[in-house]
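**Student:** Quick one: this structure, given as structure tokens, is what I'll be asking you about.
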Amino acid sequence: MTYTTNIFLQNYGSIILLIVGILAGSILGIYLPTIVPYIKPIGDIFLNLLFVAVIPLVFFAISSSVANIEGTNQLGKIIGAMTGVFLMGVLISACATIAVLYFFPLDAPIVPNGSELLDNNPDDTWSDKMVRFLTVSEFGKLLSRENMLALVIFSFLVGIATRKSTAVAQPFLSFLNAGNEVMKNLLILIMKISPIGLGAYFAYQVSSLGPQLFGFYAKPLGLYYLFGTCYFFVGFTVFAFIANGKYGITSYWKNNIVPTLTALGSCSSLATMPANLLAAKKIGVPDTIANVVIPLGTTLHKQGSSISSIFKIYVAFLLIGKDFFDPMTLVMSLGITVLVSVVAGGIPNGGYIGEMLMISVLDLPIEAVPAVMIIGTLVDPLATILNSTGDTVASMLVTKFTGNKYQVVTAEVLKS
């Protein structure tokens, strides 16, 4: 019995502590909201540690993985399969949402005065915004989490340049590999305090967002959370089965608990990325695939944002009295959803760029803007879960479609 208990605690001890921390934070947020401002700094410190560590992790993980891929054909296979998987995930989730809204139509929510939400609408053009989204003007700006896609692109190019430098670059390749190992171990250390940090931050989330969920937007939010939860369990189970059969299902869900709780507590795909990388390693996804697909997926693969985008467009069309299910509107909505899923940032409530893109392309009136933005904020917890944990199953699918084999998972990896 003692041996069995020890094995159980080794495998699930960290998960149990994380659940206890989040439950404790939820109770404090509901019944003792007055003390939340005093414990929220603990959660902020934990998230700040994660954000600071994630920046170098992204650089070393992507650069070293690309540099270590043998042969240009293998790299091309990974990028091609990853692109297909990302696009497939966004479109499948969007089309499923359209079907749900067709069979379960909603009433337009009452829109409160939301003019104060329009404080993120600069005068520059969308082409200027796209340039800033893909690149930065100075090297130092790459080190900001606000410029994650620019950092990902730069890291990818560094990896390719290292591959082309052959033997001369061996010391630099060793540096990249060593940096990747060091940063992974640093993040394992940071995650040791996740029960306390996420518990404190979750108390803040519950106390601040909880009351709003039962206001004007109860019906659209209720349908979003119901459908999103079903999609989370059913959709990701199907993807995991396609990736690796029955073992893919069991290994994915066994190792997806910590990433799910991290996403729920932090509302940040970026903060969840370290947990996703550890989960992929325990599942057996090759490092050369996981270290490319998961960091890129944090910015480019967002099934939760895809679902919320369709919901927001649908509600906006309800408000202006137009038919959402017109064929041309549906095609345009799918195109916008793909763009919004790419534009949405990997930080908590990270601006309204995606919503403003949607409003600009559809030429929506000002009355629809508050509804779109408020819904985007209130669905953020579940959207983050779908966005971030979908990256792990995406790495499993890329492993399948590129013909790679899953790695043997050692006992040391399982304990990490």
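The way I read the labels, and the way they are meant: chains A, B, ... in the order of the structure tokens, residue 1 as the first residue of every chain, and ligand 1 as the first ligand shown, with later ones counted on from there.
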For Ala94 of chain A, please output as a list in words all residues within 8 Å (counting only C-alpha atoms; exclusion window: fewer than 4 positions along the same chain).

**Tutor:**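 My reading of the contact set: Val90, Ile98, Gln303, Ser306, Ile307, Ile310, Leu334 and Thr337 of chain A.
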
**Student:** Using DSSP on the backbone, list every residue of segment 133-206 of chain A that comes out as alpha helix (DSSP H), and give them as a ChimeraX atom specification.

**Tutor:** /A:133-134,148-164,170-191,194-206

**Student:** Would you mind listing what lies within 10 Å of Phe60 of chain A as number ranges by chain, with only C-alpha atoms counted and same-chain residues fewer than 4 positions away left out?

**Tutor:** A: 54-56, 64-66, 155-156, 158-159, 175-184, 291

**Student:** Using only N, CA and C atoms, please write the residues we just selected to a file, as an mmCIF file, in the first residue's frame.

**Tutor:**
data_model
loop_
_atom_site.group_PDB
_atom_site.id
_atom_site.type_symbol
_atom_site.label_atom_id
_atom_site.label_comp_id
_atom_site.auth_asym_id
_atom_site.auth_seq_id
_atom_site.Cartn_x
_atom_site.Cartn_y
_atom_site.Cartn_z
ATOM 1 N N VAL A 54 9.932 32.767 -20.057
ATOM 2 C CA VAL A 54 9.418 32.258 -21.329
ATOM 3 C C VAL A 54 10.140 32.888 -22.518
ATOM 4 N N ILE A 55 10.518 34.150 -22.412
ATOM 5 C CA ILE A 55 11.164 34.826 -23.542
ATOM 6 C C ILE A 55 12.440 34.102 -23.975
ATOM 7 N N PRO A 56 13.413 33.871 -23.083
ATOM 8 C CA PRO A 56 14.601 33.107 -23.513
ATOM 9 C C PRO A 56 14.275 31.663 -23.859
ATOM 10 N N SER A 64 17.343 26.031 -31.225
ATOM 11 C CA SER A 64 18.060 24.767 -31.106
ATOM 12 C C SER A 64 17.339 23.649 -31.843
ATOM 13 N N SER A 65 16.015 23.645 -31.805
ATOM 14 C CA SER A 65 15.263 22.593 -32.488
ATOM 15 C C SER A 65 15.440 22.669 -33.995
ATOM 16 N N VAL A 66 15.313 23.882 -34.559
ATOM 17 C CA VAL A 66 15.488 24.044 -35.997
ATOM 18 C C VAL A 66 16.924 23.709 -36.399
ATOM 19 N N SER A 155 13.867 33.761 -33.908
ATOM 20 C CA SER A 155 14.454 32.514 -33.405
ATOM 21 C C SER A 155 14.502 31.457 -34.491
ATOM 22 N N PHE A 156 13.442 31.390 -35.282
ATOM 23 C CA PHE A 156 13.390 30.428 -36.378
ATOM 24 C C PHE A 156 14.505 30.709 -37.394
ATOM 25 N N VAL A 158 17.328 32.291 -36.819
ATOM 26 C CA VAL A 158 18.621 31.973 -36.194
ATOM 27 C C VAL A 158 18.915 30.476 -36.309
ATOM 28 N N GLY A 159 17.894 29.650 -36.090
ATOM 29 C CA GLY A 159 18.078 28.205 -36.218
ATOM 30 C C GLY A 159 18.471 27.810 -37.629
ATOM 31 N N PHE A 175 25.870 26.104 -27.567
ATOM 32 C CA PHE A 175 25.318 27.153 -26.713
ATOM 33 C C PHE A 175 23.794 27.126 -26.738
ATOM 34 N N LEU A 176 23.213 26.979 -27.943
ATOM 35 C CA LEU A 176 21.754 26.920 -28.057
ATOM 36 C C LEU A 176 21.194 25.713 -27.326
ATOM 37 N N ASN A 177 21.826 24.556 -27.485
ATOM 38 C CA ASN A 177 21.356 23.335 -26.826
ATOM 39 C C ASN A 177 21.460 23.450 -25.311
ATOM 40 N N ALA A 178 22.585 24.016 -24.836
ATOM 41 C CA ALA A 178 22.764 24.184 -23.394
ATOM 42 C C ALA A 178 21.751 25.184 -22.835
ATOM 43 N N GLY A 179 21.536 26.286 -23.568
ATOM 44 C CA GLY A 179 20.559 27.277 -23.119
ATOM 45 C C GLY A 179 19.160 26.704 -23.056
ATOM 46 N N ASN A 180 18.806 25.864 -24.010
ATOM 47 C CA ASN A 180 17.495 25.229 -24.017
ATOM 48 C C ASN A 180 17.317 24.344 -22.792
ATOM 49 N N GLU A 181 18.342 23.564 -22.450
ATOM 50 C CA GLU A 181 18.267 22.673 -21.286
ATOM 51 C C GLU A 181 18.170 23.470 -19.988
ATOM 52 N N VAL A 182 18.953 24.542 -19.889
ATOM 53 C CA VAL A 182 18.945 25.373 -18.674
ATOM 54 C C VAL A 182 17.574 26.023 -18.483
ATOM 55 N N MET A 183 17.009 26.562 -19.550
ATOM 56 C CA MET A 183 15.727 27.247 -19.428
ATOM 57 C C MET A 183 14.602 26.277 -19.096
ATOM 58 N N LYS A 184 14.656 25.057 -19.627
ATOM 59 C CA LYS A 184 13.638 24.063 -19.278
ATOM 60 C C LYS A 184 13.698 23.734 -17.791
ATOM 61 N N ASN A 291 9.254 21.663 -29.728
ATOM 62 C CA ASN A 291 9.896 22.954 -29.499
ATOM 63 C C ASN A 291 9.686 23.940 -30.639
#

**Student:** List as an MDAnalysis selection string the protein and nucleic acid residues near Ser144 of chain A, meaning an atom at most 10 Å away when only C-alpha atoms are counted, but skip any in the same chain fewer than 3 places from it.

**Tutor:** chainID A and resid 51:52 55 140:141 147:148 150:151

**Student:** Applying 8 Å and only C-alpha atoms, which residues near Leu106 of chain A remain after dropping the ones on its own chain fewer than 3 positions away? List them as a list in words.

**Tutor:** Leu101, Lys219 and Pro220 of chain A

**Student:** Excluding Leu28 of chain A and residues on its chain fewer than 2 positions from it, collect all residues at most 10 Å away from it, counting only C-alpha atoms, and give them as a PyMOL selection string.

**Tutor:** chain A and resi 22-26+30-36+39+199-200+202-204+206-207

**Student:** Go ahead and save the residues from that selection, with N, CA and C atoms, as a PDB file, in the first residue's frame.

**Tutor:**
ATOM      1  N   ILE A  22      -5.871  26.147  -6.523  1.00  0.00           N
ATOM      2  CA  ILE A  22      -6.906  26.844  -7.292  1.00  0.00           C
ATOM      3  C   ILE A  22      -8.238  26.835  -6.554  1.00  0.00           C
ATOM      4  N   LEU A  23      -8.582  25.712  -5.932  1.00  0.00           N
ATOM      5  CA  LEU A  23      -9.831  25.659  -5.160  1.00  0.00           C
ATOM      6  C   LEU A  23      -9.789  26.638  -3.991  1.00  0.00           C
ATOM      7  N   ALA A  24      -8.642  26.696  -3.313  1.00  0.00           N
ATOM      8  CA  ALA A  24      -8.507  27.639  -2.198  1.00  0.00           C
ATOM      9  C   ALA A  24      -8.648  29.076  -2.689  1.00  0.00           C
ATOM     10  N   GLY A  25      -8.018  29.376  -3.837  1.00  0.00           N
ATOM     11  CA  GLY A  25      -8.133  30.715  -4.395  1.00  0.00           C
ATOM     12  C   GLY A  25      -9.563  31.045  -4.794  1.00  0.00           C
ATOM     13  N   SER A  26     -10.283  30.070  -5.350  1.00  0.00           N
ATOM     14  CA  SER A  26     -11.676  30.288  -5.744  1.00  0.00           C
ATOM     15  C   SER A  26     -12.543  30.601  -4.529  1.00  0.00           C
ATOM     16  N   ILE A  30     -14.599  34.121  -3.791  1.00  0.00           N
ATOM     17  CA  ILE A  30     -16.058  34.167  -3.655  1.00  0.00           C
ATOM     18  C   ILE A  30     -16.481  34.719  -2.287  1.00  0.00           C
ATOM     19  N   TYR A  31     -15.859  34.184  -1.213  1.00  0.00           N
ATOM     20  CA  TYR A  31     -16.340  34.483   0.140  1.00  0.00           C
ATOM     21  C   TYR A  31     -15.533  35.563   0.863  1.00  0.00           C
ATOM     22  N   LEU A  32     -14.301  35.796   0.436  1.00  0.00           N
ATOM     23  CA  LEU A  32     -13.481  36.819   1.096  1.00  0.00           C
ATOM     24  C   LEU A  32     -12.861  37.751   0.058  1.00  0.00           C
ATOM     25  N   PRO A  33     -13.672  38.410  -0.760  1.00  0.00           N
ATOM     26  CA  PRO A  33     -13.113  39.257  -1.825  1.00  0.00           C
ATOM     27  C   PRO A  33     -12.303  40.440  -1.305  1.00  0.00           C
ATOM     28  N   THR A  34     -12.521  40.809  -0.041  1.00  0.00           N
ATOM     29  CA  THR A  34     -11.798  41.970   0.493  1.00  0.00           C
ATOM     30  C   THR A  34     -10.307  41.710   0.671  1.00  0.00           C
ATOM     31  N   ILE A  35      -9.911  40.437   0.786  1.00  0.00           N
ATOM     32  CA  ILE A  35      -8.483  40.143   0.973  1.00  0.00           C
ATOM     33  C   ILE A  35      -7.790  39.850  -0.357  1.00  0.00           C
ATOM     34  N   VAL A  36      -8.569  39.791  -1.449  1.00  0.00           N
ATOM     35  CA  VAL A  36      -7.977  39.480  -2.762  1.00  0.00           C
ATOM     36  C   VAL A  36      -6.896  40.482  -3.161  1.00  0.00           C
ATOM     37  N   ILE A  39      -3.530  39.418  -1.725  1.00  0.00           N
ATOM     38  CA  ILE A  39      -2.848  38.199  -2.184  1.00  0.00           C
ATOM     39  C   ILE A  39      -2.603  38.198  -3.690  1.00  0.00           C
ATOM     40  N   GLY A 199      -3.168  29.963  -7.436  1.00  0.00           N
ATOM     41  CA  GLY A 199      -4.265  30.101  -6.482  1.00  0.00           C
ATOM     42  C   GLY A 199      -4.558  31.554  -6.189  1.00  0.00           C
ATOM     43  N   ALA A 200      -3.511  32.355  -5.969  1.00  0.00           N
ATOM     44  CA  ALA A 200      -3.686  33.781  -5.688  1.00  0.00           C
ATOM     45  C   ALA A 200      -4.274  34.507  -6.891  1.00  0.00           C
ATOM     46  N   PHE A 202      -6.023  33.166  -9.326  1.00  0.00           N
ATOM     47  CA  PHE A 202      -7.369  32.670  -9.595  1.00  0.00           C
ATOM     48  C   PHE A 202      -8.380  33.327  -8.661  1.00  0.00           C
ATOM     49  N   ALA A 203      -7.979  33.624  -7.429  1.00  0.00           N
ATOM     50  CA  ALA A 203      -8.860  34.353  -6.514  1.00  0.00           C
ATOM     51  C   ALA A 203      -9.242  35.700  -7.107  1.00  0.00           C
ATOM     52  N   TYR A 204      -8.268  36.350  -7.740  1.00  0.00           N
ATOM     53  CA  TYR A 204      -8.536  37.643  -8.382  1.00  0.00           C
ATOM     54  C   TYR A 204      -9.493  37.471  -9.560  1.00  0.00           C
ATOM     55  N   VAL A 206     -11.778  35.145 -10.094  1.00  0.00           N
ATOM     56  CA  VAL A 206     -13.128  34.817  -9.642  1.00  0.00           C
ATOM     57  C   VAL A 206     -13.828  36.042  -9.068  1.00  0.00           C
ATOM     58  N   SER A 207     -13.103  36.815  -8.267  1.00  0.00           N
ATOM     59  CA  SER A 207     -13.731  37.977  -7.619  1.00  0.00           C
ATOM     60  C   SER A 207     -14.042  39.093  -8.600  1.00  0.00           C
TER      61      SER A 207
END

**Student:** Would you kindly return, as a list in words, each protein, DNA or RNA residue with an atom no farther than 10 Å from any atom of Ile193 of chain A, considering only C-alpha atoms and excluding same-chain residues fewer than 2 positions away?

**Tutor:**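 Listing them by chain and then by number gives Ser14, Leu17, Leu18, Phe46, Ile188, Leu189, Ile190, Met191, Pro195, Ile196, Gly197 and Leu198 of chain A.
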
**Student:** Could you state the separation of atom CA of Phe233 of chain A and atom CA of Ile313 of chain A in Å, given to one decimal place?

**Tutor:**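 We find that atom CA of Phe233 of chain A and atom CA of Ile313 of chain A lie 24.6 Å from each other.
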
**Student:** Report the distance between atom CA of Leu223 of chain A and atom CA of Phe311 of chain A in Å, rounded to one decimal place.

**Tutor:**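 Taking atom CA of Leu223 of chain A and atom CA of Phe311 of chain A, their separation equals 9.5 Å.
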